[in-house]
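Notes to accompany the following structure.
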Amino acid sequence: MSDHLMNTYARLPVQFKKGKGAILKDKQGINYLDALSGIAVCSLGHSHPAISEAICKQSQKILHTSNLYQIGKQRKLAEKLFKLSGMERVFFCNSGAEANETAIKIARKFANDQGITHPKIIVMENSFHGRTLATLSATGNDKVHAGFSPLVEGFVRVPFDNVEAIKDLQDDKDIVAILVEPIQGEGGVHVPQKGYLKSLREICDQNNWLLMCDEIQTGIGRTGKWFAHQHCDITPDVMTLAKALGNGVPIGACLAAGKAANVLAPGNHGTTFGGNPLACAAALAVIDVLTIHNHIDLVAKKGDILLQRFKDELEGIEGVVDIRGRGYMIGIQLNRNCGDLVIQALEKRLLINVTRGDTVRLLPTFVMSQEQTDELVTTLTQLIKDFLKA
Ligand SMILES: *Cc1c(COP(=O)(O)O)cnc(C)c1O
């Protein structure tokens, strides 16, 4: 291993050379079942033939021209996203953090245009929005903040899934937006109560605030709808996407509708790489495959079954606090830190993640077979039972 990489990750002692569907193969040729999908990125699994083909074909035509010129694939992708979400305009970038930076800039410009010079955005405790200065400041996690003061100002924090805490802020004329994950991911897979997003929508409408949904983890089918806010029958003013949009080719997007759609004008924002032909070709292929094979409805159904299977196996077992999730986004919270489970699973050739210290997080590929699903349930529930007994 190189000593020249910045020490930003405590990496696991394994390197994958190849992948196919839900399986990753390491240097020794050993197969692992991937129940994490590169953190909700490779939803269609590894080396999906249609995605590979789209990337390959595009690379033989043109990779990059910059946003100084028309990019046909960008327009096509924008059109598809509009049809799926109702969001009217989109800015393409390269990552989730950049998509959220764009959202934050829209909120600030929206405020400045109204003469509000010190705007504030409501953000949630336990949230995650990225690692750039503005997005880490928006993030509700002291560990992410530590060492990076002064943080970017203009964020007001309230508890997640608490409408009253937001209502209490309605008299503050500097508030212009709410930034919220429809289901918190890094924060431990927290699904809010039914009606939460709808209430936020109403409060935003009453106060002329923007409702900004961070769907970077929940979007593109992960929860069994194209976008998680669609479970709640609302449309946000701003929505951010990234992770699964390119199935591994980096692409992010900030979408806007209604009063947020035309806030940014030439000169307000930009990106060299964002939305280049290669990234857009990959994303178009992702949307096609998801549509043609009806993956998202299947994820809704298979996700319910998978969650129930974990409940059947684990509920009532001493040390299991909660089993929750939606679609293929599942969290199993234990009553103690369980980071060691990641290594123990790796030894059993299973890739999982633990977030917030005590919550096993599963983000399987949509293409996981029935047999692989059985293997995931059997291996993981046994590991958890043994872990809690030890
Ligand atoms: C991963 C994630 C981000 C950050 O995305 P990057 O591509 O790592 O910058 C932001 N918000 C949420 C909800 C995420 O899950």
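Labeling convention for the structure tokens: chains A, B, ... as they appear, residues from 1 per chain, ligands from 1 in order of appearance.
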Quick one: residues within 10 Å of A:Pro277, only C-alpha atoms, excluding same-chain residues fewer than 3 positions away - as a list in words? Ile55, Gln58, Ser59, Lys61, Ile62, Leu63, His64, Thr65, Ser66, Ile71, Gly72, Lys73, Gln74, Phe273, Gly274, Cys280, Ala281, Ala282 and Ala283 of chain A
With DSSP run on the backbone, what are the helix (DSSP H, G or I) residues within stretch 175-314 of chain A? I'd like them as a VMD selection string. chain A and resid 196 to 207 228 to 232 243 to 246 258 to 260 277 to 292 295 to 314
Skip A:Phe128 itself and residues of its chain fewer than 2 positions away, then list as a ChimeraX atom specification all residues within 8 Å of it, counting only C-alpha atoms. /A:126,130,136,138-141,184-187
Neighbours of ligand 1 at 10 Å or closer, counting only C-alpha atoms and all ligand atoms: which residues, as number ranges by chain? A: 39-41, 93-101, 127-132, 135-136, 139, 180-187, 213-219, 240-244, 250-252
Output for the residues just chosen: N, CA and C atoms as a compact mmCIF listing (two decimals), in the first residue's frame:
```txt
# COMPACT_ATOMS: atom_id res chain seq x y z
N ILE A 39 -21.40 2.44 -1.30
CA ILE A 39 -22.21 3.44 -0.59
C ILE A 39 -23.31 4.00 -1.51
N ALA A 40 -24.21 3.13 -1.88
CA ALA A 40 -25.44 3.52 -2.62
C ALA A 40 -25.14 4.07 -4.02
N VAL A 41 -24.00 3.72 -4.58
CA VAL A 41 -23.64 4.22 -5.90
C VAL A 41 -23.98 3.20 -7.00
N CYS A 93 -23.18 18.59 -11.81
CA CYS A 93 -21.86 18.76 -11.21
C CYS A 93 -21.26 17.36 -11.04
N ASN A 94 -20.30 17.21 -10.14
CA ASN A 94 -19.54 15.95 -10.10
C ASN A 94 -19.70 15.14 -8.82
N SER A 95 -20.43 15.68 -7.86
CA SER A 95 -20.51 14.98 -6.58
C SER A 95 -21.72 15.48 -5.80
N GLY A 96 -21.99 14.78 -4.71
CA GLY A 96 -23.09 15.18 -3.84
C GLY A 96 -22.82 16.52 -3.17
N ALA A 97 -21.62 16.66 -2.64
CA ALA A 97 -21.30 17.91 -1.94
C ALA A 97 -21.48 19.11 -2.88
N GLU A 98 -21.05 18.96 -4.11
CA GLU A 98 -21.20 20.07 -5.06
C GLU A 98 -22.67 20.34 -5.37
N ALA A 99 -23.47 19.29 -5.44
CA ALA A 99 -24.90 19.48 -5.67
C ALA A 99 -25.51 20.27 -4.51
N ASN A 100 -25.11 19.92 -3.27
CA ASN A 100 -25.63 20.65 -2.11
C ASN A 100 -25.09 22.07 -2.04
N GLU A 101 -23.84 22.27 -2.44
CA GLU A 101 -23.31 23.64 -2.52
C GLU A 101 -24.19 24.48 -3.44
N SER A 127 -27.76 15.03 10.52
CA SER A 127 -27.81 14.99 9.05
C SER A 127 -26.42 14.82 8.46
N PHE A 128 -26.37 14.50 7.17
CA PHE A 128 -25.10 14.50 6.44
C PHE A 128 -25.32 15.14 5.08
N HIS A 129 -24.49 16.14 4.77
CA HIS A 129 -24.63 16.81 3.48
C HIS A 129 -23.33 16.95 2.70
N GLY A 130 -22.21 16.44 3.24
CA GLY A 130 -20.97 16.47 2.47
C GLY A 130 -19.80 17.02 3.27
N ARG A 131 -18.66 17.16 2.59
CA ARG A 131 -17.41 17.47 3.27
C ARG A 131 -16.77 18.79 2.86
N THR A 132 -17.40 19.51 1.93
CA THR A 132 -16.88 20.85 1.63
C THR A 132 -17.25 21.77 2.79
N THR A 135 -21.06 22.47 3.10
CA THR A 135 -21.87 21.27 3.34
C THR A 135 -21.51 20.61 4.68
N LEU A 136 -20.25 20.72 5.10
CA LEU A 136 -19.92 20.16 6.42
C LEU A 136 -20.52 21.03 7.51
N THR A 139 -23.98 19.94 7.87
CA THR A 139 -24.06 18.58 8.43
C THR A 139 -24.24 18.62 9.95
N VAL A 180 -33.16 19.11 3.96
CA VAL A 180 -33.48 17.89 4.71
C VAL A 180 -33.30 16.64 3.85
N GLU A 181 -32.79 15.58 4.45
CA GLU A 181 -32.79 14.27 3.80
C GLU A 181 -34.16 13.62 4.07
N PRO A 182 -34.85 13.14 3.05
CA PRO A 182 -36.15 12.49 3.28
C PRO A 182 -36.02 11.27 4.20
N ILE A 183 -34.91 10.56 4.09
CA ILE A 183 -34.54 9.53 5.06
C ILE A 183 -33.06 9.77 5.36
N GLN A 184 -32.72 9.91 6.64
CA GLN A 184 -31.31 10.15 6.95
C GLN A 184 -30.49 8.89 6.70
N GLY A 185 -29.41 9.04 5.96
CA GLY A 185 -28.57 7.89 5.62
C GLY A 185 -27.41 7.71 6.56
N GLU A 186 -26.39 8.56 6.42
CA GLU A 186 -25.19 8.46 7.28
C GLU A 186 -25.59 8.54 8.75
N GLY A 187 -26.67 9.26 9.03
CA GLY A 187 -27.13 9.44 10.40
C GLY A 187 -27.73 8.19 11.02
N CYS A 213 -34.63 19.12 -0.72
CA CYS A 213 -34.44 17.73 -0.32
C CYS A 213 -33.10 17.22 -0.80
N ASP A 214 -32.28 16.76 0.13
CA ASP A 214 -31.02 16.10 -0.22
C ASP A 214 -31.34 14.63 -0.48
N GLU A 215 -31.45 14.29 -1.76
CA GLU A 215 -31.77 12.91 -2.17
C GLU A 215 -30.53 12.22 -2.74
N ILE A 216 -29.38 12.65 -2.29
CA ILE A 216 -28.14 12.11 -2.84
C ILE A 216 -28.03 10.62 -2.56
N GLN A 217 -28.48 10.20 -1.38
CA GLN A 217 -28.46 8.78 -1.05
C GLN A 217 -29.79 8.10 -1.36
N THR A 218 -30.90 8.82 -1.14
CA THR A 218 -32.22 8.20 -1.26
C THR A 218 -32.75 8.19 -2.70
N GLY A 219 -32.15 9.01 -3.57
CA GLY A 219 -32.69 9.17 -4.92
C GLY A 219 -32.36 8.03 -5.86
N THR A 240 -31.32 17.56 -4.59
CA THR A 240 -29.96 17.22 -5.01
C THR A 240 -29.82 15.71 -5.17
N LEU A 241 -29.03 15.35 -6.18
CA LEU A 241 -28.77 13.95 -6.51
C LEU A 241 -27.28 13.76 -6.71
N ALA A 242 -26.83 12.54 -6.59
CA ALA A 242 -25.45 12.20 -6.99
C ALA A 242 -25.35 10.68 -7.00
N LYS A 243 -24.84 10.13 -5.93
CA LYS A 243 -24.46 8.73 -5.80
C LYS A 243 -24.87 7.79 -6.95
N ALA A 244 -26.13 7.37 -7.00
CA ALA A 244 -26.50 6.31 -7.95
C ALA A 244 -26.76 6.82 -9.36
N PRO A 250 -18.77 9.48 -11.81
CA PRO A 250 -19.15 10.60 -10.95
C PRO A 250 -20.03 11.62 -11.66
N ILE A 251 -21.21 11.83 -11.09
CA ILE A 251 -22.10 12.89 -11.57
C ILE A 251 -23.04 13.29 -10.43
N GLY A 252 -23.22 14.58 -10.27
CA GLY A 252 -24.17 15.11 -9.30
C GLY A 252 -25.12 16.03 -10.02
```
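If you measure from each of A:Phe16, A:Phe82, A:Phe160, A:Tyr328 to A:His46 using only C-alpha atoms, the closest one turns out to be A:Phe16.
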Please provide the set of residues having any atom within 9 Å of A:Val238, restricted to only C-alpha atoms, with same-chain residues fewer than 3 positions apart removed, written as an NGL selection string. :A and (87 or 103 or 106 or 179 or 210-214 or 235 or 254-257 or 260-261)
For the residues in that selection, give me C-alpha atoms as a PDB file, in the first residue's frame.
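File written: again_36.pdb
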```pdb
ATOM      1  CA  MET A  87     -38.257  19.560 -11.372  1.00  0.00           C
ATOM      2  CA  ALA A 103     -28.627  24.233  -3.419  1.00  0.00           C
ATOM      3  CA  ILE A 106     -29.678  28.993  -4.671  1.00  0.00           C
ATOM      4  CA  LEU A 179     -32.486  21.453   3.809  1.00  0.00           C
ATOM      5  CA  LEU A 210     -37.563  26.806  -0.185  1.00  0.00           C
ATOM      6  CA  LEU A 211     -37.946  23.131   0.634  1.00  0.00           C
ATOM      7  CA  MET A 212     -34.638  21.523  -0.392  1.00  0.00           C
ATOM      8  CA  CYS A 213     -34.442  17.730  -0.320  1.00  0.00           C
ATOM      9  CA  ASP A 214     -31.020  16.095  -0.215  1.00  0.00           C
ATOM     10  CA  THR A 235     -42.530  18.199  -4.658  1.00  0.00           C
ATOM     11  CA  CYS A 254     -29.060  20.096  -8.341  1.00  0.00           C
ATOM     12  CA  LEU A 255     -32.628  20.344  -9.604  1.00  0.00           C
ATOM     13  CA  ALA A 256     -34.985  23.247  -9.023  1.00  0.00           C
ATOM     14  CA  ALA A 257     -38.638  24.036  -9.641  1.00  0.00           C
ATOM     15  CA  ALA A 260     -36.186  28.296  -7.272  1.00  0.00           C
ATOM     16  CA  ALA A 261     -35.877  27.381 -10.951  1.00  0.00           C
TER      17      ALA A 261
END
```
What does the structure give for the distance between atom CA of A:Val158 and atom CA of A:Ser137, in Å to one decimal?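 The value is 13.8 Å.
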Find the residues around A:Phe366 up to 7 Å (only C-alpha atoms counted), leave out those fewer than 5 positions away in its own chain, and share them as a PDB file with C-alpha atoms, in the first residue's frame.
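Output (out36.pdb):
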```pdb
ATOM      1  CA  SER A  43     -27.331   0.265  -7.579  1.00  0.00           C
ATOM      2  CA  LEU A  44     -27.342  -1.636 -10.854  1.00  0.00           C
ATOM      3  CA  HIS A 295     -36.183  -2.176 -11.020  1.00  0.00           C
ATOM      4  CA  VAL A 299     -36.955  -2.699  -5.008  1.00  0.00           C
TER       5      VAL A 299
END
```
